[in-house]
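**Q** Let me give you the structure first, and then I'll get to my questions.
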Amino acid sequence: MADIYLDHNATTPAHPIAIAAMQGVLGKAANPSSTHRAGQAARHTVDNARRQVRTALNAEHAQVIFTASGTEANNLALHGLPQADYLAVSAIEHPSVILPAQQRDAILIPVNDQGIVDITALERILQAHEGKALVSVMLANNETGVIQPIAEIAACVYAHQGFLHCDAVQALGKIPVDFTELNVDMLTISGHKIGAGQGAAALLIKQGLHLRAQLLGGGQESGYRAGTENVAAIAALGAAINALPTADSTLRDNLEQAIAAYAPDAIICSRDTARLPNTSCIILPGMPSETQLINFDLAGIAVSSGSACSSGKVSTSHVLLAMGIPEAIAQGAIRVSLGSDTTQADIDAFLEVWKKNYSKTQTSTYPAHAA
Ligand code: PLP
């Protein structure tokens, strides 16, 4: 049975460079807050990783706050800015943005049928509300790969004296991410999406902007995030961010061309829109994504139904619904996300199973899709 991993947007294996950096730390007793020599060596490792993050993201003057996950960094960004009078977040954000935003009665910014933020609607929202907005829009979507026009969004937000947070968790390692060029106030990245293993992520904050800490305690991370640092994971993040692959869309495009040629009724979401080069969201009308995933899994191929859900439950994608795709159709969506080790043979194996799934939907005996 093949063992093919096409779920790199969920997590991607640690890069040898990151594993080596981690191994250099594990086994040593090292708390960066300790004043003895071992502690200071750990402090040096963390500060070195901070420099590596700044250099890789062209963020020389940014504050880099290490957190345990992208989720934590997003929560810090959304809850930590007391200067913001209200929040507006795009309807297709990851739950780690949507859910904290809901706690603060955020306004949802609609997207068009390609999944791109409606800047006219954003402008209306900013005009209609008094005070300063904190706007959060992701750089690239985890389910469809669609890339947002962050520069235009920033111009709109700053024209209204607002603040802009950008979740770049999925973009990093797949397209260039330049903090200065993006011109955002805050940016989230996460180690395990770029081959650093789980356990470290970061929130970058523009110079001069101050956040309210969400975790209080020993004052680590300049008081922004208390808790002893995960030195090994942070070292791995610093190493991995300096070894990012150059992503290319050839294999993903081959896959999509083969599907479009074989099954004109299949839907490849946002195919003609700027997307991450490794991501494809494919809807097979007539077969629920759970069934497709089981068939792929039986063939040894790992794909997903969109965002990974910790409960393992598959629910209809809020991203596809926000794009106006009817629920019954959206329920047939799977996400394929390629990695730097993916080969054409992997794509061919995927296509073989996909075509079998497709042919089952063409037989009248196959149960109709649940609405
Ligand atoms: N933001 C996006 C766009 C994501 O895809 C994810 C994870 O899938 C996260 C945030 C959360 O990151 P983490 O898994 O590091 O908590």
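Following the order of the structure tokens, first chain is A, next is B, and so on, with residues numbered from 1 inside each chain and ligands from 1 in the order they appear.
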Sort by chain and increasing residue number a table of all residues of chain A within 10 Å of ligand 1, each with its closest pair of atoms and their distance in Å to one decimal, counting only C-alpha atoms and all ligand atoms, and write it as JSON lines.
**A**
```
{"residue": "A:His8", "atom": "CA", "partner": "ligand 1", "partner_atom_place_in_ligand_line": "8 (O)", "distance": 9.8}
{"residue": "A:Asn9", "atom": "CA", "partner": "ligand 1", "partner_atom_place_in_ligand_line": "5 (O)", "distance": 6.6}
{"residue": "A:Ala10", "atom": "CA", "partner": "ligand 1", "partner_atom_place_in_ligand_line": "8 (O)", "distance": 5.4}
{"residue": "A:Thr11", "atom": "CA", "partner": "ligand 1", "partner_atom_place_in_ligand_line": "8 (O)", "distance": 7.5}
{"residue": "A:Thr67", "atom": "CA", "partner": "ligand 1", "partner_atom_place_in_ligand_line": "15 (O)", "distance": 9.2}
{"residue": "A:Ala68", "atom": "CA", "partner": "ligand 1", "partner_atom_place_in_ligand_line": "15 (O)", "distance": 7.4}
{"residue": "A:Ser69", "atom": "CA", "partner": "ligand 1", "partner_atom_place_in_ligand_line": "15 (O)", "distance": 3.8}
{"residue": "A:Gly70", "atom": "CA", "partner": "ligand 1", "partner_atom_place_in_ligand_line": "15 (O)", "distance": 3.5}
{"residue": "A:Thr71", "atom": "CA", "partner": "ligand 1", "partner_atom_place_in_ligand_line": "16 (O)", "distance": 3.7}
{"residue": "A:Glu72", "atom": "CA", "partner": "ligand 1", "partner_atom_place_in_ligand_line": "16 (O)", "distance": 6.5}
{"residue": "A:Ala73", "atom": "CA", "partner": "ligand 1", "partner_atom_place_in_ligand_line": "16 (O)", "distance": 8.1}
{"residue": "A:Asn74", "atom": "CA", "partner": "ligand 1", "partner_atom_place_in_ligand_line": "10 (C)", "distance": 7.1}
{"residue": "A:Asn75", "atom": "CA", "partner": "ligand 1", "partner_atom_place_in_ligand_line": "10 (C)", "distance": 9.9}
{"residue": "A:Ile92", "atom": "CA", "partner": "ligand 1", "partner_atom_place_in_ligand_line": "3 (C)", "distance": 9.3}
{"residue": "A:Glu93", "atom": "CA", "partner": "ligand 1", "partner_atom_place_in_ligand_line": "3 (C)", "distance": 6.8}
{"residue": "A:His94", "atom": "CA", "partner": "ligand 1", "partner_atom_place_in_ligand_line": "1 (N)", "distance": 5.1}
{"residue": "A:Pro95", "atom": "CA", "partner": "ligand 1", "partner_atom_place_in_ligand_line": "10 (C)", "distance": 7.6}
{"residue": "A:Ser96", "atom": "CA", "partner": "ligand 1", "partner_atom_place_in_ligand_line": "10 (C)", "distance": 5.9}
{"residue": "A:Val97", "atom": "CA", "partner": "ligand 1", "partner_atom_place_in_ligand_line": "1 (N)", "distance": 7.5}
{"residue": "A:Val137", "atom": "CA", "partner": "ligand 1", "partner_atom_place_in_ligand_line": "3 (C)", "distance": 9.8}
{"residue": "A:Met138", "atom": "CA", "partner": "ligand 1", "partner_atom_place_in_ligand_line": "3 (C)", "distance": 6.7}
{"residue": "A:Leu139", "atom": "CA", "partner": "ligand 1", "partner_atom_place_in_ligand_line": "3 (C)", "distance": 8.2}
{"residue": "A:Ala140", "atom": "CA", "partner": "ligand 1", "partner_atom_place_in_ligand_line": "3 (C)", "distance": 7.0}
{"residue": "A:Asn141", "atom": "CA", "partner": "ligand 1", "partner_atom_place_in_ligand_line": "3 (C)", "distance": 5.8}
{"residue": "A:Asn142", "atom": "CA", "partner": "ligand 1", "partner_atom_place_in_ligand_line": "5 (O)", "distance": 4.6}
{"residue": "A:Glu143", "atom": "CA", "partner": "ligand 1", "partner_atom_place_in_ligand_line": "5 (O)", "distance": 7.8}
{"residue": "A:Gly145", "atom": "CA", "partner": "ligand 1", "partner_atom_place_in_ligand_line": "3 (C)", "distance": 9.5}
{"residue": "A:Cys166", "atom": "CA", "partner": "ligand 1", "partner_atom_place_in_ligand_line": "1 (N)", "distance": 9.5}
{"residue": "A:Asp167", "atom": "CA", "partner": "ligand 1", "partner_atom_place_in_ligand_line": "1 (N)", "distance": 5.9}
{"residue": "A:Ala168", "atom": "CA", "partner": "ligand 1", "partner_atom_place_in_ligand_line": "3 (C)", "distance": 6.7}
{"residue": "A:Val169", "atom": "CA", "partner": "ligand 1", "partner_atom_place_in_ligand_line": "2 (C)", "distance": 5.0}
{"residue": "A:Gln170", "atom": "CA", "partner": "ligand 1", "partner_atom_place_in_ligand_line": "3 (C)", "distance": 5.2}
{"residue": "A:Ala171", "atom": "CA", "partner": "ligand 1", "partner_atom_place_in_ligand_line": "3 (C)", "distance": 8.1}
{"residue": "A:Thr188", "atom": "CA", "partner": "ligand 1", "partner_atom_place_in_ligand_line": "10 (C)", "distance": 7.8}
{"residue": "A:Ile189", "atom": "CA", "partner": "ligand 1", "partner_atom_place_in_ligand_line": "15 (O)", "distance": 7.7}
{"residue": "A:Ser190", "atom": "CA", "partner": "ligand 1", "partner_atom_place_in_ligand_line": "15 (O)", "distance": 4.8}
{"residue": "A:Gly191", "atom": "CA", "partner": "ligand 1", "partner_atom_place_in_ligand_line": "15 (O)", "distance": 6.9}
{"residue": "A:His192", "atom": "CA", "partner": "ligand 1", "partner_atom_place_in_ligand_line": "15 (O)", "distance": 6.5}
{"residue": "A:Lys193", "atom": "CA", "partner": "ligand 1", "partner_atom_place_in_ligand_line": "15 (O)", "distance": 7.4}
{"residue": "A:Gly197", "atom": "CA", "partner": "ligand 1", "partner_atom_place_in_ligand_line": "15 (O)", "distance": 9.8}
{"residue": "A:Gln198", "atom": "CA", "partner": "ligand 1", "partner_atom_place_in_ligand_line": "15 (O)", "distance": 7.3}
{"residue": "A:Gly199", "atom": "CA", "partner": "ligand 1", "partner_atom_place_in_ligand_line": "15 (O)", "distance": 7.8}
{"residue": "A:Ala200", "atom": "CA", "partner": "ligand 1", "partner_atom_place_in_ligand_line": "15 (O)", "distance": 7.6}
{"residue": "A:Ala201", "atom": "CA", "partner": "ligand 1", "partner_atom_place_in_ligand_line": "15 (O)", "distance": 6.3}
{"residue": "A:Ala202", "atom": "CA", "partner": "ligand 1", "partner_atom_place_in_ligand_line": "15 (O)", "distance": 9.2}
{"residue": "A:Gly306", "atom": "CA", "partner": "ligand 1", "partner_atom_place_in_ligand_line": "8 (O)", "distance": 9.5}
{"residue": "A:Ser307", "atom": "CA", "partner": "ligand 1", "partner_atom_place_in_ligand_line": "8 (O)", "distance": 6.4}
{"residue": "A:Ala308", "atom": "CA", "partner": "ligand 1", "partner_atom_place_in_ligand_line": "8 (O)", "distance": 6.7}
{"residue": "A:Cys309", "atom": "CA", "partner": "ligand 1", "partner_atom_place_in_ligand_line": "8 (O)", "distance": 9.0}
```
**Q** Do a neighbour search on range 30-43 of chain A at 8 Å with only C-alpha atoms, toss out local chain neighbours closer than 2 positions, and write the hits as an NGL selection string.
**A** :A and (25 or 28 or 45-47 or 220 or 228-229 or 231)
**Q** So that I have them on file, write out the residues from the current selection with N, CA, C and O atoms, as a PDB file, in the first residue's frame.
**A**
```pdb
ATOM      1  N   VAL A  25      19.687  21.315  21.426  1.00  0.00           N
ATOM      2  CA  VAL A  25      19.159  21.905  22.666  1.00  0.00           C
ATOM      3  C   VAL A  25      18.656  20.833  23.623  1.00  0.00           C
ATOM      4  O   VAL A  25      18.921  20.875  24.830  1.00  0.00           O
ATOM      5  N   LYS A  28      20.010  19.291  27.154  1.00  0.00           N
ATOM      6  CA  LYS A  28      20.715  20.280  27.985  1.00  0.00           C
ATOM      7  C   LYS A  28      19.700  20.882  28.952  1.00  0.00           C
ATOM      8  O   LYS A  28      18.542  21.112  28.584  1.00  0.00           O
ATOM      9  N   THR A  45      20.465  31.116  22.365  1.00  0.00           N
ATOM     10  CA  THR A  45      19.769  30.338  21.322  1.00  0.00           C
ATOM     11  C   THR A  45      18.456  31.013  20.933  1.00  0.00           C
ATOM     12  O   THR A  45      18.124  31.147  19.743  1.00  0.00           O
ATOM     13  N   VAL A  46      17.718  31.456  21.944  1.00  0.00           N
ATOM     14  CA  VAL A  46      16.427  32.104  21.661  1.00  0.00           C
ATOM     15  C   VAL A  46      16.652  33.424  20.921  1.00  0.00           C
ATOM     16  O   VAL A  46      15.972  33.711  19.919  1.00  0.00           O
ATOM     17  N   ASP A  47      17.623  34.205  21.377  1.00  0.00           N
ATOM     18  CA  ASP A  47      17.874  35.505  20.725  1.00  0.00           C
ATOM     19  C   ASP A  47      18.381  35.317  19.299  1.00  0.00           C
ATOM     20  O   ASP A  47      18.056  36.105  18.404  1.00  0.00           O
ATOM     21  N   GLN A 220       8.559  36.594  30.650  1.00  0.00           N
ATOM     22  CA  GLN A 220       9.377  36.231  29.476  1.00  0.00           C
ATOM     23  C   GLN A 220       8.859  36.958  28.222  1.00  0.00           C
ATOM     24  O   GLN A 220       7.779  37.539  28.233  1.00  0.00           O
ATOM     25  N   THR A 228       8.137  29.716  30.478  1.00  0.00           N
ATOM     26  CA  THR A 228       9.487  29.364  30.041  1.00  0.00           C
ATOM     27  C   THR A 228       9.469  29.000  28.556  1.00  0.00           C
ATOM     28  O   THR A 228       8.626  28.218  28.109  1.00  0.00           O
ATOM     29  N   GLU A 229      10.382  29.560  27.823  1.00  0.00           N
ATOM     30  CA  GLU A 229      10.408  29.355  26.370  1.00  0.00           C
ATOM     31  C   GLU A 229      10.696  27.902  26.012  1.00  0.00           C
ATOM     32  O   GLU A 229      11.474  27.229  26.690  1.00  0.00           O
ATOM     33  N   VAL A 231      12.786  26.212  24.130  1.00  0.00           N
ATOM     34  CA  VAL A 231      14.035  26.602  23.451  1.00  0.00           C
ATOM     35  C   VAL A 231      14.305  25.717  22.226  1.00  0.00           C
ATOM     36  O   VAL A 231      14.694  26.221  21.164  1.00  0.00           O
TER      37      VAL A 231
END
```
**Q** To one decimal place in Å, what is the distance between CA of Asp265 in chain A and CA of Pro285 in chain A?
**A**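 Pair CA of Asp265 in chain A / CA of Pro285 in chain A returns 7.7 Å.
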**Q** Counting only C-alpha atoms, figure out which residue out of A:Val319, A:Leu293, A:Ile267, A:Ala345 gets nearest to Asn254 in chain A.
**A**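 Closest residue, counting only C-alpha atoms: A:Ala345.
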**Q** Could you work out how far CA of Ala213 in chain A lies from CA of Ala236 in chain A, giving the answer in Å with one decimal?
**A**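 For CA of Ala236 in chain A relative to CA of Ala213 in chain A, the distance reads 24.4 Å.
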**Q** Mind checking DSSP for range 116-237 of chain A and telling me the helix (DSSP H, G or I) residues as a ChimeraX atom specification?
**A** /A:119-128,150-159,179-182,191-193,221-223,231-237
**Q** How many Å separate CA of Ile98 in chain A from CA of Asp85 in chain A?
**A** 17.2 Å
**Q** Using only C-alpha atoms, pick whichever of A:Thr273, A:Ser90, A:Asn48, A:Asn58 has the shortest atom-to-atom distance to His318 in chain A.
**A** A:Ser90
**Q** Counting only C-alpha atoms, what is within 10 Å of Gln127 in chain A, bar same-chain residues fewer than 5 positions away, as a VMD selection string?
**A** chain A and resid 121 to 122 160
**Q** Could you pull out the residues in range 152-261 of chain A that DSSP calls strand (DSSP E) from the backbone, as a PyMOL selection string?
**A** chain A and resi 163-167+186-190+201-205
**Q** Residues of the last selection are to be written out with N, CA and C atoms, as a PDB file, in the first residue's frame.
**A**
```
ATOM      1  N   PHE A 163      -5.767  49.423  12.557  1.00  0.00           N
ATOM      2  CA  PHE A 163      -4.602  48.545  12.708  1.00  0.00           C
ATOM      3  C   PHE A 163      -4.865  47.279  11.885  1.00  0.00           C
ATOM      4  N   LEU A 164      -3.761  46.683  11.392  1.00  0.00           N
ATOM      5  CA  LEU A 164      -3.935  45.489  10.556  1.00  0.00           C
ATOM      6  C   LEU A 164      -3.093  44.330  11.069  1.00  0.00           C
ATOM      7  N   HIS A 165      -3.770  43.209  11.338  1.00  0.00           N
ATOM      8  CA  HIS A 165      -3.082  41.956  11.668  1.00  0.00           C
ATOM      9  C   HIS A 165      -3.224  41.011  10.482  1.00  0.00           C
ATOM     10  N   CYS A 166      -2.155  40.259  10.206  1.00  0.00           N
ATOM     11  CA  CYS A 166      -2.188  39.326   9.085  1.00  0.00           C
ATOM     12  C   CYS A 166      -1.681  37.966   9.546  1.00  0.00           C
ATOM     13  N   ASP A 167      -2.479  36.946   9.315  1.00  0.00           N
ATOM     14  CA  ASP A 167      -2.110  35.573   9.639  1.00  0.00           C
ATOM     15  C   ASP A 167      -1.388  34.998   8.409  1.00  0.00           C
ATOM     16  N   MET A 186       0.818  43.630  12.623  1.00  0.00           N
ATOM     17  CA  MET A 186       1.150  42.374  13.306  1.00  0.00           C
ATOM     18  C   MET A 186       1.066  41.233  12.296  1.00  0.00           C
ATOM     19  N   LEU A 187       1.949  40.256  12.481  1.00  0.00           N
ATOM     20  CA  LEU A 187       2.000  39.129  11.548  1.00  0.00           C
ATOM     21  C   LEU A 187       2.214  37.841  12.337  1.00  0.00           C
ATOM     22  N   THR A 188       1.434  36.810  12.012  1.00  0.00           N
ATOM     23  CA  THR A 188       1.568  35.514  12.691  1.00  0.00           C
ATOM     24  C   THR A 188       2.254  34.510  11.776  1.00  0.00           C
ATOM     25  N   ILE A 189       3.210  33.767  12.344  1.00  0.00           N
ATOM     26  CA  ILE A 189       3.801  32.623  11.634  1.00  0.00           C
ATOM     27  C   ILE A 189       3.795  31.418  12.582  1.00  0.00           C
ATOM     28  N   SER A 190       3.936  30.216  12.022  1.00  0.00           N
ATOM     29  CA  SER A 190       3.914  29.018  12.876  1.00  0.00           C
ATOM     30  C   SER A 190       4.951  28.005  12.386  1.00  0.00           C
ATOM     31  N   ALA A 201       5.926  29.232  17.527  1.00  0.00           N
ATOM     32  CA  ALA A 201       5.352  30.111  16.509  1.00  0.00           C
ATOM     33  C   ALA A 201       5.747  31.521  16.923  1.00  0.00           C
ATOM     34  N   ALA A 202       5.304  32.520  16.176  1.00  0.00           N
ATOM     35  CA  ALA A 202       5.673  33.887  16.572  1.00  0.00           C
ATOM     36  C   ALA A 202       4.641  34.889  16.113  1.00  0.00           C
ATOM     37  N   LEU A 203       4.545  35.951  16.902  1.00  0.00           N
ATOM     38  CA  LEU A 203       3.791  37.137  16.484  1.00  0.00           C
ATOM     39  C   LEU A 203       4.805  38.258  16.308  1.00  0.00           C
ATOM     40  N   LEU A 204       4.828  38.851  15.113  1.00  0.00           N
ATOM     41  CA  LEU A 204       5.698  40.002  14.873  1.00  0.00           C
ATOM     42  C   LEU A 204       4.865  41.262  15.035  1.00  0.00           C
ATOM     43  N   ILE A 205       5.441  42.237  15.696  1.00  0.00           N
ATOM     44  CA  ILE A 205       4.711  43.482  15.962  1.00  0.00           C
ATOM     45  C   ILE A 205       5.546  44.652  15.471  1.00  0.00           C
TER      46      ILE A 205
END
```
**Q** Of the candidates A:Glu60, A:Glu130, A:Asp7, A:Glu152, which one gets nearest to Ala84 in chain A if we count only C-alpha atoms?
**A**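 Of all the options, A:Glu130 lies closest to Ala84 in chain A.
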**Q** Out of A:Asp105, A:Asp297, A:Asp248, A:Asp118, which residue has the shortest atom-to-atom distance to Thr342 in chain A when counting only C-alpha atoms?
**A**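 When distances to Thr342 in chain A are compared using only C-alpha atoms, the smallest one comes from A:Asp248.
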**Q** Name the closest residue to Leu6 in chain A among the candidates A:Gln257, A:Ser304, A:Gln102, A:Gln292; distances are taken between atoms, counting only C-alpha atoms.
**A**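 Nearest candidate to Leu6 in chain A out of A:Gln257, A:Ser304, A:Gln102, A:Gln292: A:Ser304.
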**Q** Nearest to Gly173 in chain A: which of A:Val336, A:Leu284, A:Ala258, A:Ala247 is it, counting only C-alpha atoms?
**A** A:Ala247
**Q** Near Thr120 in chain A, within 12 Å and counting only C-alpha atoms, which residues show up once chain neighbours fewer than 2 positions away are dropped, as a CSV table (one decimal) with N, CA, C and O atoms, in the first residue's frame?
**A**
```csv
chain,number,residue,atom,x,y,z
A,109,ILE,N,-16.0,40.5,7.5
A,109,ILE,CA,-15.8,41.1,6.2
A,109,ILE,C,-16.0,40.1,5.1
A,109,ILE,O,-15.4,39.0,5.1
A,110,PRO,N,-17.0,40.3,4.2
A,110,PRO,CA,-17.3,39.3,3.2
A,110,PRO,C,-16.2,39.1,2.2
A,110,PRO,O,-15.3,40.0,2.0
A,111,VAL,N,-16.3,38.0,1.5
A,111,VAL,CA,-15.3,37.7,0.4
A,111,VAL,C,-16.2,37.5,-0.9
A,111,VAL,O,-17.4,37.2,-0.8
A,112,ASN,N,-15.5,37.6,-2.0
A,112,ASN,CA,-16.3,37.3,-3.3
A,112,ASN,C,-16.3,35.8,-3.6
A,112,ASN,O,-15.8,35.0,-2.8
A,116,ILE,N,-11.8,36.2,-2.3
A,116,ILE,CA,-11.0,37.4,-2.0
A,116,ILE,C,-11.8,38.4,-1.2
A,116,ILE,O,-13.0,38.7,-1.5
A,117,VAL,N,-11.1,39.0,-0.3
A,117,VAL,CA,-11.8,40.0,0.6
A,117,VAL,C,-12.4,41.1,-0.2
A,117,VAL,O,-11.7,41.7,-1.1
A,118,ASP,N,-13.6,41.5,0.1
A,118,ASP,CA,-14.3,42.5,-0.6
A,118,ASP,C,-13.9,43.9,0.0
A,118,ASP,O,-14.4,44.3,1.1
A,122,LEU,N,-15.2,46.3,3.1
A,122,LEU,CA,-14.3,46.7,4.2
A,122,LEU,C,-14.3,48.2,4.4
A,122,LEU,O,-14.5,48.7,5.5
A,123,GLU,N,-14.2,48.9,3.3
A,123,GLU,CA,-14.3,50.4,3.3
A,123,GLU,C,-15.6,50.9,3.9
A,123,GLU,O,-15.6,51.8,4.8
A,124,ARG,N,-16.7,50.2,3.6
A,124,ARG,CA,-18.0,50.6,4.1
A,124,ARG,C,-18.0,50.4,5.6
A,124,ARG,O,-18.5,51.2,6.4
A,125,ILE,N,-17.5,49.3,6.1
A,125,ILE,CA,-17.4,48.9,7.5
A,125,ILE,C,-16.7,50.0,8.3
A,125,ILE,O,-17.1,50.5,9.3
A,126,LEU,N,-15.5,50.3,7.7
A,126,LEU,CA,-14.6,51.3,8.4
A,126,LEU,C,-15.2,52.7,8.4
A,126,LEU,O,-15.1,53.4,9.4
A,127,GLN,N,-16.0,53.0,7.4
A,127,GLN,CA,-16.7,54.3,7.3
A,127,GLN,C,-17.8,54.4,8.3
A,127,GLN,O,-18.1,55.4,8.9
A,152,GLU,N,-3.3,46.4,-0.6
A,152,GLU,CA,-4.6,47.2,-0.8
A,152,GLU,C,-5.4,47.3,0.5
A,152,GLU,O,-5.9,48.4,0.8
A,153,ILE,N,-5.4,46.2,1.2
A,153,ILE,CA,-6.2,46.2,2.4
A,153,ILE,C,-5.6,47.1,3.4
A,153,ILE,O,-6.2,47.9,4.1
A,156,CYS,N,-6.3,50.7,2.8
A,156,CYS,CA,-7.7,51.0,3.2
A,156,CYS,C,-7.8,51.2,4.7
A,156,CYS,O,-8.4,52.1,5.3
A,157,VAL,N,-7.2,50.2,5.5
A,157,VAL,CA,-7.2,50.2,6.9
A,157,VAL,C,-6.5,51.5,7.5
A,157,VAL,O,-7.1,52.2,8.3
```
**Q** Do a neighbour search on Ala239 in chain A at 10 Å with only C-alpha atoms, toss out local chain neighbours closer than 4 positions, and write the hits as a PyMOL selection string.
**A** chain A and resi 15-22+48-49+52-53+191+195-196+233-235+243-244
**Q** Grab the residues selected above and save them as a PDB file, in the first residue's frame with N, CA and C atoms.
**A**
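Contents of result16.pdb, freshly written:
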```
ATOM      1  N   HIS A  15      12.275  19.556   8.978  1.00  0.00           N
ATOM      2  CA  HIS A  15      13.433  19.605   8.081  1.00  0.00           C
ATOM      3  C   HIS A  15      14.663  19.114   8.869  1.00  0.00           C
ATOM      4  N   PRO A  16      15.585  18.381   8.202  1.00  0.00           N
ATOM      5  CA  PRO A  16      16.780  17.916   8.924  1.00  0.00           C
ATOM      6  C   PRO A  16      17.518  19.044   9.657  1.00  0.00           C
ATOM      7  N   ILE A  17      17.555  20.212   9.069  1.00  0.00           N
ATOM      8  CA  ILE A  17      18.221  21.366   9.704  1.00  0.00           C
ATOM      9  C   ILE A  17      17.531  21.731  11.019  1.00  0.00           C
ATOM     10  N   ALA A  18      16.201  21.635  11.020  1.00  0.00           N
ATOM     11  CA  ALA A  18      15.429  21.969  12.231  1.00  0.00           C
ATOM     12  C   ALA A  18      15.620  20.879  13.282  1.00  0.00           C
ATOM     13  N   ILE A  19      15.666  19.632  12.825  1.00  0.00           N
ATOM     14  CA  ILE A  19      15.872  18.524  13.777  1.00  0.00           C
ATOM     15  C   ILE A  19      17.250  18.668  14.434  1.00  0.00           C
ATOM     16  N   ALA A  20      18.245  19.020  13.627  1.00  0.00           N
ATOM     17  CA  ALA A  20      19.600  19.198  14.183  1.00  0.00           C
ATOM     18  C   ALA A  20      19.609  20.333  15.209  1.00  0.00           C
ATOM     19  N   ALA A  21      18.905  21.421  14.895  1.00  0.00           N
ATOM     20  CA  ALA A  21      18.865  22.560  15.831  1.00  0.00           C
ATOM     21  C   ALA A  21      18.182  22.134  17.136  1.00  0.00           C
ATOM     22  N   MET A  22      17.106  21.350  16.991  1.00  0.00           N
ATOM     23  CA  MET A  22      16.373  20.868  18.171  1.00  0.00           C
ATOM     24  C   MET A  22      17.267  19.959  19.014  1.00  0.00           C
ATOM     25  N   ASN A  48      19.158  34.259  19.105  1.00  0.00           N
ATOM     26  CA  ASN A  48      19.646  33.965  17.761  1.00  0.00           C
ATOM     27  C   ASN A  48      18.470  33.617  16.836  1.00  0.00           C
ATOM     28  N   ALA A  49      17.541  32.806  17.342  1.00  0.00           N
ATOM     29  CA  ALA A  49      16.358  32.445  16.536  1.00  0.00           C
ATOM     30  C   ALA A  49      15.537  33.700  16.228  1.00  0.00           C
ATOM     31  N   GLN A  52      17.118  35.331  13.434  1.00  0.00           N
ATOM     32  CA  GLN A  52      16.880  34.578  12.187  1.00  0.00           C
ATOM     33  C   GLN A  52      15.484  34.875  11.635  1.00  0.00           C
ATOM     34  N   VAL A  53      14.508  34.973  12.526  1.00  0.00           N
ATOM     35  CA  VAL A  53      13.135  35.281  12.087  1.00  0.00           C
ATOM     36  C   VAL A  53      13.096  36.689  11.484  1.00  0.00           C
ATOM     37  N   GLY A 191       5.761  27.488  13.329  1.00  0.00           N
ATOM     38  CA  GLY A 191       6.883  26.625  12.976  1.00  0.00           C
ATOM     39  C   GLY A 191       6.512  25.334  12.278  1.00  0.00           C
ATOM     40  N   GLY A 195       8.245  23.171   8.545  1.00  0.00           N
ATOM     41  CA  GLY A 195       9.269  22.157   8.776  1.00  0.00           C
ATOM     42  C   GLY A 195      10.091  22.369  10.023  1.00  0.00           C
ATOM     43  N   ALA A 196       9.493  23.014  11.038  1.00  0.00           N
ATOM     44  CA  ALA A 196      10.226  23.216  12.300  1.00  0.00           C
ATOM     45  C   ALA A 196       9.699  22.304  13.405  1.00  0.00           C
ATOM     46  N   ALA A 233      12.196  24.058  20.289  1.00  0.00           N
ATOM     47  CA  ALA A 233      11.274  24.354  19.176  1.00  0.00           C
ATOM     48  C   ALA A 233      11.581  25.721  18.572  1.00  0.00           C
ATOM     49  N   ILE A 234      11.973  26.667  19.412  1.00  0.00           N
ATOM     50  CA  ILE A 234      12.311  28.010  18.909  1.00  0.00           C
ATOM     51  C   ILE A 234      13.583  27.937  18.048  1.00  0.00           C
ATOM     52  N   ALA A 235      14.565  27.158  18.511  1.00  0.00           N
ATOM     53  CA  ALA A 235      15.792  26.989  17.721  1.00  0.00           C
ATOM     54  C   ALA A 235      15.459  26.367  16.359  1.00  0.00           C
ATOM     55  N   ALA A 243      15.694  28.035   5.829  1.00  0.00           N
ATOM     56  CA  ALA A 243      15.881  26.952   4.849  1.00  0.00           C
ATOM     57  C   ALA A 243      14.561  26.695   4.124  1.00  0.00           C
ATOM     58  N   LEU A 244      13.830  27.763   3.840  1.00  0.00           N
ATOM     59  CA  LEU A 244      12.512  27.585   3.212  1.00  0.00           C
ATOM     60  C   LEU A 244      12.675  27.101   1.770  1.00  0.00           C
TER      61      LEU A 244
END
```
**Q** Name all residues at most 8 Å from Ser305 in chain A (count only C-alpha atoms; drop same-chain ones fewer than 4 positions away) and give them as a list in words.
**A**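 So the residues in contact are Ser289, Glu290, Leu293, Val314, Ala333, Ile334 and Arg335 of chain A.
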**Q** Take the residues from that selection and put them in a file with N, CA, C and O atoms, as a tab-separated table (two decimals), in the first residue's frame.
**A**
```tsv
chain	number	residue	atom	x	y	z
A	289	SER	N	-17.16	14.49	1.52
A	289	SER	CA	-15.70	14.48	1.70
A	289	SER	C	-15.26	13.34	2.62
A	289	SER	O	-14.22	12.73	2.39
A	290	GLU	N	-16.07	13.01	3.65
A	290	GLU	CA	-15.68	11.91	4.57
A	290	GLU	C	-15.47	10.62	3.78
A	290	GLU	O	-14.50	9.89	4.01
A	293	LEU	N	-12.31	10.80	1.78
A	293	LEU	CA	-11.12	10.68	2.65
A	293	LEU	C	-10.89	9.23	3.05
A	293	LEU	O	-9.74	8.77	3.09
A	314	VAL	N	-15.92	16.11	10.55
A	314	VAL	CA	-15.86	16.92	9.34
A	314	VAL	C	-17.12	17.77	9.28
A	314	VAL	O	-18.23	17.25	9.28
A	333	ALA	N	-16.01	18.70	-0.75
A	333	ALA	CA	-14.68	19.31	-0.96
A	333	ALA	C	-13.59	18.57	-0.21
A	333	ALA	O	-13.76	18.19	0.95
A	334	ILE	N	-12.48	18.37	-0.89
A	334	ILE	CA	-11.28	17.89	-0.19
A	334	ILE	C	-10.13	18.87	-0.49
A	334	ILE	O	-10.15	19.58	-1.50
A	335	ARG	N	-9.17	18.89	0.43
A	335	ARG	CA	-7.99	19.74	0.23
A	335	ARG	C	-6.78	18.84	0.00
A	335	ARG	O	-6.53	17.91	0.76
```
**Q** Within 12 Å of Ala260 in chain A, counting only C-alpha atoms, which residues show up once you throw out same-chain ones fewer than 3 positions away? Write them as JSON, numbers by chain, please.
**A** {"A": [253, 254, 255, 256, 257, 263, 264, 265, 266, 267, 268, 269, 271, 282, 283, 284, 351, 354, 355, 358]}
